[in-house]
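File shown: protein25.cif. Contents: mmCIF, C-alpha atoms; chains and numbers go by the auth columns.
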data_structure
#
loop_
_atom_site.group_PDB
_atom_site.id
_atom_site.type_symbol
_atom_site.label_atom_id
_atom_site.label_comp_id
_atom_site.label_asym_id
_atom_site.label_seq_id
_atom_site.Cartn_x
_atom_site.Cartn_y
_atom_site.Cartn_z
_atom_site.B_iso_or_equiv
_atom_site.auth_seq_id
_atom_site.auth_asym_id
ATOM 1 C CA MET A 1 -7.941 137.355 -115.529 0.00 28 A
ATOM 2 C CA ARG A 2 -8.909 138.313 -118.998 0.00 29 A
ATOM 3 C CA THR A 3 -10.607 137.004 -122.093 0.00 30 A
ATOM 4 C CA GLU A 4 -10.510 138.437 -125.573 0.00 31 A
ATOM 5 C CA ASN A 5 -13.041 141.164 -124.755 0.00 32 A
ATOM 6 C CA TYR A 6 -13.344 141.265 -120.951 0.00 33 A
ATOM 7 C CA LEU A 7 -11.222 141.840 -117.884 0.00 34 A
ATOM 8 C CA LEU A 8 -12.163 140.077 -114.651 0.00 35 A
ATOM 9 C CA LYS A 9 -11.038 141.909 -111.498 0.00 36 A
ATOM 10 C CA GLU A 10 -11.580 140.458 -108.042 0.00 37 A
ATOM 11 C CA ILE A 11 -14.414 142.311 -106.326 0.00 38 A
ATOM 12 C CA GLN A 12 -13.246 144.857 -103.773 0.00 39 A
ATOM 13 C CA PRO A 13 -15.221 146.976 -101.259 0.00 40 A
ATOM 14 C CA THR A 14 -14.849 149.969 -103.611 0.00 41 A
ATOM 15 C CA ASP A 15 -16.992 148.108 -106.200 0.00 42 A
ATOM 16 C CA ILE A 16 -20.154 148.614 -104.134 0.00 43 A
ATOM 17 C CA SER A 17 -21.734 151.061 -106.638 0.00 44 A
ATOM 18 C CA ASN A 18 -21.311 148.600 -109.507 0.00 45 A
ATOM 19 C CA ILE A 19 -22.685 145.709 -107.457 0.00 46 A
ATOM 20 C CA HIS A 20 -25.627 147.848 -106.354 0.00 47 A
ATOM 21 C CA LYS A 21 -26.338 148.822 -109.964 0.00 48 A
ATOM 22 C CA GLY A 22 -26.929 145.172 -110.811 0.00 49 A
ATOM 23 C CA LEU A 23 -28.384 143.740 -107.627 0.00 50 A
ATOM 24 C CA SER A 24 -30.906 146.551 -107.162 0.00 51 A
ATOM 25 C CA ASP A 25 -32.513 145.862 -110.545 0.00 52 A
ATOM 26 C CA PRO A 26 -35.586 143.613 -110.139 0.00 53 A
ATOM 27 C CA GLU A 27 -35.153 142.188 -113.650 0.00 54 A
ATOM 28 C CA ILE A 28 -31.602 141.065 -112.859 0.00 55 A
ATOM 29 C CA THR A 29 -32.468 139.631 -109.434 0.00 56 A
ATOM 30 C CA ARG A 30 -35.760 138.065 -110.505 0.00 57 A
ATOM 31 C CA TYR A 31 -34.406 134.530 -110.072 0.00 58 A
ATOM 32 C CA TYR A 32 -31.831 135.253 -107.350 0.00 59 A
ATOM 33 C CA ASP A 33 -31.934 134.962 -103.582 0.00 60 A
ATOM 34 C CA VAL A 34 -30.681 138.528 -103.181 0.00 61 A
ATOM 35 C CA HIS A 35 -31.974 141.995 -103.990 0.00 62 A
ATOM 36 C CA PHE A 36 -30.581 145.242 -102.555 0.00 63 A
ATOM 37 C CA PRO A 37 -32.819 148.288 -103.133 0.00 64 A
ATOM 38 C CA THR A 38 -30.353 150.739 -101.552 0.00 65 A
ATOM 39 C CA LEU A 39 -26.610 151.262 -101.709 0.00 66 A
ATOM 40 C CA GLU A 40 -26.506 150.856 -97.927 0.00 67 A
ATOM 41 C CA ALA A 41 -28.262 147.469 -98.158 0.00 68 A
ATOM 42 C CA THR A 42 -25.643 146.354 -100.710 0.00 69 A
ATOM 43 C CA THR A 43 -23.012 146.336 -97.936 0.00 70 A
ATOM 44 C CA GLU A 44 -24.452 142.923 -97.005 0.00 71 A
ATOM 45 C CA GLN A 45 -23.412 141.564 -100.406 0.00 72 A
ATOM 46 C CA MET A 46 -19.988 143.183 -100.150 0.00 73 A
ATOM 47 C CA GLU A 47 -19.489 141.486 -96.776 0.00 74 A
ATOM 48 C CA TRP A 48 -20.516 138.187 -98.412 0.00 75 A
ATOM 49 C CA TYR A 49 -17.798 138.605 -101.071 0.00 76 A
ATOM 50 C CA GLU A 50 -15.244 139.436 -98.367 0.00 77 A
ATOM 51 C CA ASN A 51 -16.285 136.418 -96.270 0.00 78 A
ATOM 52 C CA LEU A 52 -15.853 134.134 -99.281 0.00 79 A
ATOM 53 C CA ARG A 53 -12.319 135.417 -99.688 0.00 80 A
ATOM 54 C CA ASN A 54 -11.432 135.362 -95.969 0.00 81 A
ATOM 55 C CA ASN A 55 -12.906 131.882 -95.364 0.00 82 A
ATOM 56 C CA GLU A 56 -11.495 130.524 -98.648 0.00 83 A
ATOM 57 C CA THR A 57 -14.968 129.377 -99.683 0.00 84 A
ATOM 58 C CA GLY A 58 -15.061 131.252 -102.967 0.00 85 A
ATOM 59 C CA ILE A 59 -14.007 134.186 -105.096 0.00 86 A
ATOM 60 C CA TRP A 60 -15.969 136.608 -107.308 0.00 87 A
ATOM 61 C CA TRP A 61 -14.835 139.026 -110.011 0.00 88 A
ATOM 62 C CA GLY A 62 -16.287 142.103 -111.607 0.00 89 A
ATOM 63 C CA ILE A 63 -16.560 141.783 -115.383 0.00 90 A
ATOM 64 C CA TYR A 64 -15.328 144.817 -117.341 0.00 91 A
ATOM 65 C CA ASP A 65 -15.381 145.528 -121.062 0.00 92 A
ATOM 66 C CA ILE A 66 -11.731 145.850 -122.142 0.00 93 A
ATOM 67 C CA LEU A 67 -12.427 148.612 -124.675 0.00 94 A
ATOM 68 C CA ASN A 68 -14.112 151.111 -122.359 0.00 95 A
ATOM 69 C CA GLU A 69 -13.616 149.564 -118.895 0.00 96 A
ATOM 70 C CA GLN A 70 -17.394 149.590 -118.402 0.00 97 A
ATOM 71 C CA PHE A 71 -18.737 147.315 -115.651 0.00 98 A
ATOM 72 C CA CYS A 72 -20.814 144.515 -117.209 0.00 99 A
ATOM 73 C CA GLY A 73 -21.617 142.263 -114.237 0.00 100 A
ATOM 74 C CA ALA A 74 -20.041 139.796 -111.855 0.00 101 A
ATOM 75 C CA ALA A 75 -19.101 136.123 -111.810 0.00 102 A
ATOM 76 C CA GLY A 76 -17.408 133.705 -109.516 0.00 103 A
ATOM 77 C CA PHE A 77 -17.392 130.720 -107.226 0.00 104 A
ATOM 78 C CA ASN A 78 -18.991 130.176 -103.841 0.00 105 A
ATOM 79 C CA GLY A 79 -19.730 127.146 -101.708 0.00 106 A
ATOM 80 C CA LEU A 80 -16.168 125.951 -102.314 0.00 107 A
ATOM 81 C CA ASN A 81 -15.650 122.558 -100.677 0.00 108 A
ATOM 82 C CA LYS A 82 -11.984 121.601 -100.856 0.00 109 A
ATOM 83 C CA MET A 83 -12.510 118.104 -99.467 0.00 110 A
ATOM 84 C CA HIS A 84 -15.023 117.204 -102.176 0.00 111 A
ATOM 85 C CA ARG A 85 -13.291 119.405 -104.788 0.00 112 A
ATOM 86 C CA LYS A 86 -16.461 121.210 -105.849 0.00 113 A
ATOM 87 C CA ALA A 87 -17.901 124.720 -105.940 0.00 114 A
ATOM 88 C CA GLU A 88 -20.969 126.549 -107.194 0.00 115 A
ATOM 89 C CA ILE A 89 -20.525 128.973 -110.073 0.00 116 A
ATOM 90 C CA GLY A 90 -22.571 132.115 -110.571 0.00 117 A
ATOM 91 C CA LEU A 91 -22.828 134.983 -113.015 0.00 118 A
ATOM 92 C CA TRP A 92 -25.084 138.000 -113.437 0.00 119 A
ATOM 93 C CA LEU A 93 -24.994 140.794 -115.987 0.00 120 A
ATOM 94 C CA ILE A 94 -26.231 144.371 -116.214 0.00 121 A
ATOM 95 C CA LYS A 95 -29.216 144.392 -118.628 0.00 122 A
ATOM 96 C CA ASP A 96 -27.347 146.446 -121.255 0.00 123 A
ATOM 97 C CA PHE A 97 -25.032 143.457 -121.685 0.00 124 A
ATOM 98 C CA TRP A 98 -27.620 140.703 -121.981 0.00 125 A
ATOM 99 C CA GLY A 99 -27.481 138.708 -125.208 0.00 126 A
ATOM 100 C CA ARG A 100 -23.904 139.679 -126.110 0.00 127 A
ATOM 101 C CA GLY A 101 -22.346 136.245 -125.572 0.00 128 A
ATOM 102 C CA ILE A 102 -20.518 137.264 -122.395 0.00 129 A
ATOM 103 C CA LEU A 103 -21.417 134.052 -120.561 0.00 130 A
ATOM 104 C CA LYS A 104 -20.079 131.962 -123.424 0.00 131 A
ATOM 105 C CA GLU A 105 -16.803 133.935 -123.400 0.00 132 A
ATOM 106 C CA ILE A 106 -16.320 134.249 -119.633 0.00 133 A
ATOM 107 C CA MET A 107 -17.316 130.766 -118.439 0.00 134 A
ATOM 108 C CA PRO A 108 -14.475 128.819 -120.105 0.00 135 A
ATOM 109 C CA ARG A 109 -12.001 131.133 -118.341 0.00 136 A
ATOM 110 C CA LEU A 110 -13.795 130.555 -115.029 0.00 137 A
ATOM 111 C CA PHE A 111 -13.762 126.802 -115.676 0.00 138 A
ATOM 112 C CA GLU A 112 -10.013 126.963 -116.235 0.00 139 A
ATOM 113 C CA TYR A 113 -9.534 128.850 -112.969 0.00 140 A
ATOM 114 C CA GLY A 114 -11.772 126.448 -111.056 0.00 141 A
ATOM 115 C CA PHE A 115 -10.269 123.253 -112.409 0.00 142 A
ATOM 116 C CA THR A 116 -6.615 124.364 -112.319 0.00 143 A
ATOM 117 C CA LYS A 117 -6.214 126.997 -109.572 0.00 144 A
ATOM 118 C CA LEU A 118 -8.911 125.742 -107.182 0.00 145 A
ATOM 119 C CA ASP A 119 -8.267 122.066 -108.040 0.00 146 A
ATOM 120 C CA LEU A 120 -11.974 121.353 -108.530 0.00 147 A
ATOM 121 C CA ASN A 121 -13.392 118.154 -109.926 0.00 148 A
ATOM 122 C CA ARG A 122 -16.951 119.492 -110.164 0.00 149 A
ATOM 123 C CA ILE A 123 -18.501 122.885 -110.854 0.00 150 A
ATOM 124 C CA GLU A 124 -22.182 123.170 -110.018 0.00 151 A
ATOM 125 C CA GLY A 125 -24.846 125.564 -111.193 0.00 152 A
ATOM 126 C CA PHE A 126 -28.189 125.966 -109.437 0.00 153 A
ATOM 127 C CA VAL A 127 -30.887 127.592 -111.561 0.00 154 A
ATOM 128 C CA VAL A 128 -34.494 128.416 -110.735 0.00 155 A
ATOM 129 C CA SER A 129 -36.460 126.072 -113.013 0.00 156 A
ATOM 130 C CA GLU A 130 -38.375 128.967 -114.605 0.00 157 A
ATOM 131 C CA ASN A 131 -35.147 130.692 -115.695 0.00 158 A
ATOM 132 C CA LEU A 132 -35.191 129.233 -119.208 0.00 159 A
ATOM 133 C CA LYS A 133 -32.571 131.609 -120.676 0.00 160 A
ATOM 134 C CA CYS A 134 -29.988 130.700 -118.052 0.00 161 A
ATOM 135 C CA LYS A 135 -30.672 126.969 -118.408 0.00 162 A
ATOM 136 C CA LYS A 136 -30.303 127.165 -122.183 0.00 163 A
ATOM 137 C CA ALA A 137 -27.052 129.109 -121.822 0.00 164 A
ATOM 138 C CA LEU A 138 -25.598 126.530 -119.406 0.00 165 A
ATOM 139 C CA GLU A 139 -26.429 123.702 -121.777 0.00 166 A
ATOM 140 C CA LYS A 140 -24.614 125.534 -124.609 0.00 167 A
ATOM 141 C CA ILE A 141 -21.411 125.566 -122.565 0.00 168 A
ATOM 142 C CA HIS A 142 -21.571 121.845 -121.758 0.00 169 A
ATOM 143 C CA PHE A 143 -23.249 121.786 -118.366 0.00 170 A
ATOM 144 C CA THR A 144 -25.308 118.646 -117.731 0.00 171 A
ATOM 145 C CA LEU A 145 -28.748 118.826 -116.146 0.00 172 A
ATOM 146 C CA GLU A 146 -28.711 116.422 -113.209 0.00 173 A
ATOM 147 C CA GLY A 147 -32.236 116.937 -111.927 0.00 174 A
ATOM 148 C CA THR A 148 -34.682 119.198 -110.178 0.00 175 A
ATOM 149 C CA MET A 149 -34.908 119.938 -106.490 0.00 176 A
ATOM 150 C CA ARG A 150 -38.671 120.321 -106.145 0.00 177 A
ATOM 151 C CA GLU A 151 -40.061 123.126 -103.981 0.00 178 A
ATOM 152 C CA CYS A 152 -36.648 123.472 -102.343 0.00 179 A
ATOM 153 C CA GLU A 153 -36.766 127.238 -101.814 0.00 180 A
ATOM 154 C CA ILE A 154 -39.328 129.863 -100.972 0.00 181 A
ATOM 155 C CA LYS A 155 -39.158 133.300 -102.562 0.00 182 A
ATOM 156 C CA ASN A 156 -41.837 135.918 -102.054 0.00 183 A
ATOM 157 C CA SER A 157 -43.972 133.283 -100.291 0.00 184 A
ATOM 158 C CA GLU A 158 -43.846 131.050 -103.393 0.00 185 A
ATOM 159 C CA LYS A 159 -42.343 127.560 -103.456 0.00 186 A
ATOM 160 C CA ILE A 160 -39.831 127.264 -106.273 0.00 187 A
ATOM 161 C CA ASN A 161 -38.025 124.433 -107.994 0.00 188 A
ATOM 162 C CA VAL A 162 -34.296 124.607 -108.652 0.00 189 A
ATOM 163 C CA ASP A 163 -32.503 122.675 -111.391 0.00 190 A
ATOM 164 C CA VAL A 164 -29.030 121.305 -110.683 0.00 191 A
ATOM 165 C CA TYR A 165 -26.397 121.479 -113.428 0.00 192 A
ATOM 166 C CA SER A 166 -22.745 120.487 -113.380 0.00 193 A
ATOM 167 C CA ILE A 167 -19.618 120.203 -115.451 0.00 194 A
ATOM 168 C CA LEU A 168 -16.873 117.813 -114.381 0.00 195 A
ATOM 169 C CA LEU A 169 -13.113 118.068 -114.763 0.00 196 A
ATOM 170 C CA ALA A 170 -13.107 115.253 -117.350 0.00 197 A
ATOM 171 C CA GLU A 171 -15.787 117.054 -119.390 0.00 198 A
ATOM 172 C CA TRP A 172 -13.890 120.332 -119.217 0.00 199 A
ATOM 173 C CA LYS A 173 -10.785 118.589 -120.517 0.00 200 A
ATOM 174 C CA LYS A 174 -12.823 117.056 -123.336 0.00 201 A
ATOM 175 C CA TYR A 175 -14.505 120.319 -124.440 0.00 202 A
ATOM 176 C CA TYR A 176 -12.099 123.084 -123.472 0.00 203 A
ATOM 177 C CA SER A 177 -8.588 121.862 -122.744 0.00 204 A
ATOM 178 C CA LYS A 178 -6.032 122.443 -125.492 0.00 205 A
#
Could you spell out this file's structure in structure tokens?
Amino acid sequence: MRTENYLLKEIQPTDISNIHKGLSDPEITRYYDVHFPTLEATTEQMEWYENLRNNETGIWWGIYDILNEQFCGAAGFNGLNKMHRKAEIGLWLIKDFWGRGILKEIMPRLFEYGFTKLDLNRIEGFVVSENLKCKKALEKIHFTLEGTMRECEIKNSEKINVDVYSILLAEWKKYYSK
């Protein structure tokens, strides 16, 4: 898949160095359930990507700048439920690419893939309530805040709240379909 400025390539086992570069950075993983301090530990994440593919429960892509083929981050779907036609969307970026509008450019392409290729009716986003930048970005691309799951996760011995966002097929057609 591609957008005007980015190429999305399905994550392969050979991408482990790029994935480690992002998911070993505490600033990037601050609000995530995963953090891999070593390249060896990152094999767990690579197995997760492979399991998504093999079990048909999701798909993730590496995001590359078209001009210089530099790795910018990763995005994709997991928690795919074909019966209920829904999946969770995720995206993370290497710090050098924060604030460049990548989410705004990439997400419509991911929506298109989810709603047309995966036949979804609902795309969900789960965001730690403190992650204000991510929540603001989701709202800009027409996600709706549905509510907060209070103290639903524990990270570093702290109870955290998670906000639930979604965009529906009908909303995608309204905002993005040509």
For this session: List the neighbours of Phe104 (chain A) out to 6 Å using all atoms listed in the file; skip same-chain residues closer than 5 positions along the sequence, and give me the result as an MDAnalysis selection string.
Result: chainID A and resid 85:86 115:116
For this session: Please identify all polymer residues within 12 Å of Trp119 (chain A), counting all atoms listed in the file, omitting same-chain residues fewer than 2 positions from it, and present them as an MDAnalysis selection string.
Result: chainID A and resid 45:46 48:50 52 54:59 61 87:90 98:103 116:117 121:125 129:130 133:134 161
Problem set entry | Between CA of Pro40 (chain A) and CA of Glu71 (chain A), distance in Å (one decimal) |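 These two atoms are separated by 10.9 Å.
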For this session: Can you give me, as a PyMOL selection string, the residues this file yields under the PyMOL selection byres ((chain A and resi 172-178) around 7)?
Result: chain A and resi 170-171+179-180+186-193
Exercise. Distance CA of Asp146 (chain A)-CA of Gly106 (chain A), one decimal place?
Worked result: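 CA of Asp146 (chain A) sits 14.0 Å away from CA of Gly106 (chain A).
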Problem set entry | Polymer residues at most 10 Å from His111 (chain A), all atoms listed in the file, same-chain spacing of 4 or more positions, as JSON, numbers by chain | {"A": [107, 147, 148, 149]}
Can those selected residues be exported to a file as an mmCIF file, in the frame of the given file so that it contains C-alpha atoms?
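In the end it all went to result.cif:
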data_model
loop_
_atom_site.group_PDB
_atom_site.id
_atom_site.type_symbol
_atom_site.label_atom_id
_atom_site.label_comp_id
_atom_site.auth_asym_id
_atom_site.auth_seq_id
_atom_site.Cartn_x
_atom_site.Cartn_y
_atom_site.Cartn_z
ATOM 1 C CA LEU A 107 -16.168 125.951 -102.314
ATOM 2 C CA LEU A 147 -11.974 121.353 -108.530
ATOM 3 C CA ASN A 148 -13.392 118.154 -109.926
ATOM 4 C CA ARG A 149 -16.951 119.492 -110.164
#
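Nearest to Pro135 (chain A) of all the residues A:Glu198, A:Asp92, A:Asp60, A:Glu185 is A:Glu198, based on only C-alpha atoms.
Counting only C-alpha atoms and comparing A:Leu66, A:Glu132, A:Thr84, A:Trp75, the residue that lies closest to Arg29 (chain A) is A:Glu132.
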Exercise. Just how far from CA of Arg112 (chain A) is CA of Arg80 (chain A), in Å to one decimal?
Worked result: 16.8 Å
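The nearest approach to Ala164 (chain A) among the residues A:Lys144, A:Met110, A:Glu151, A:Lys131, with all atoms listed in the file taken into account, belongs to A:Lys131.
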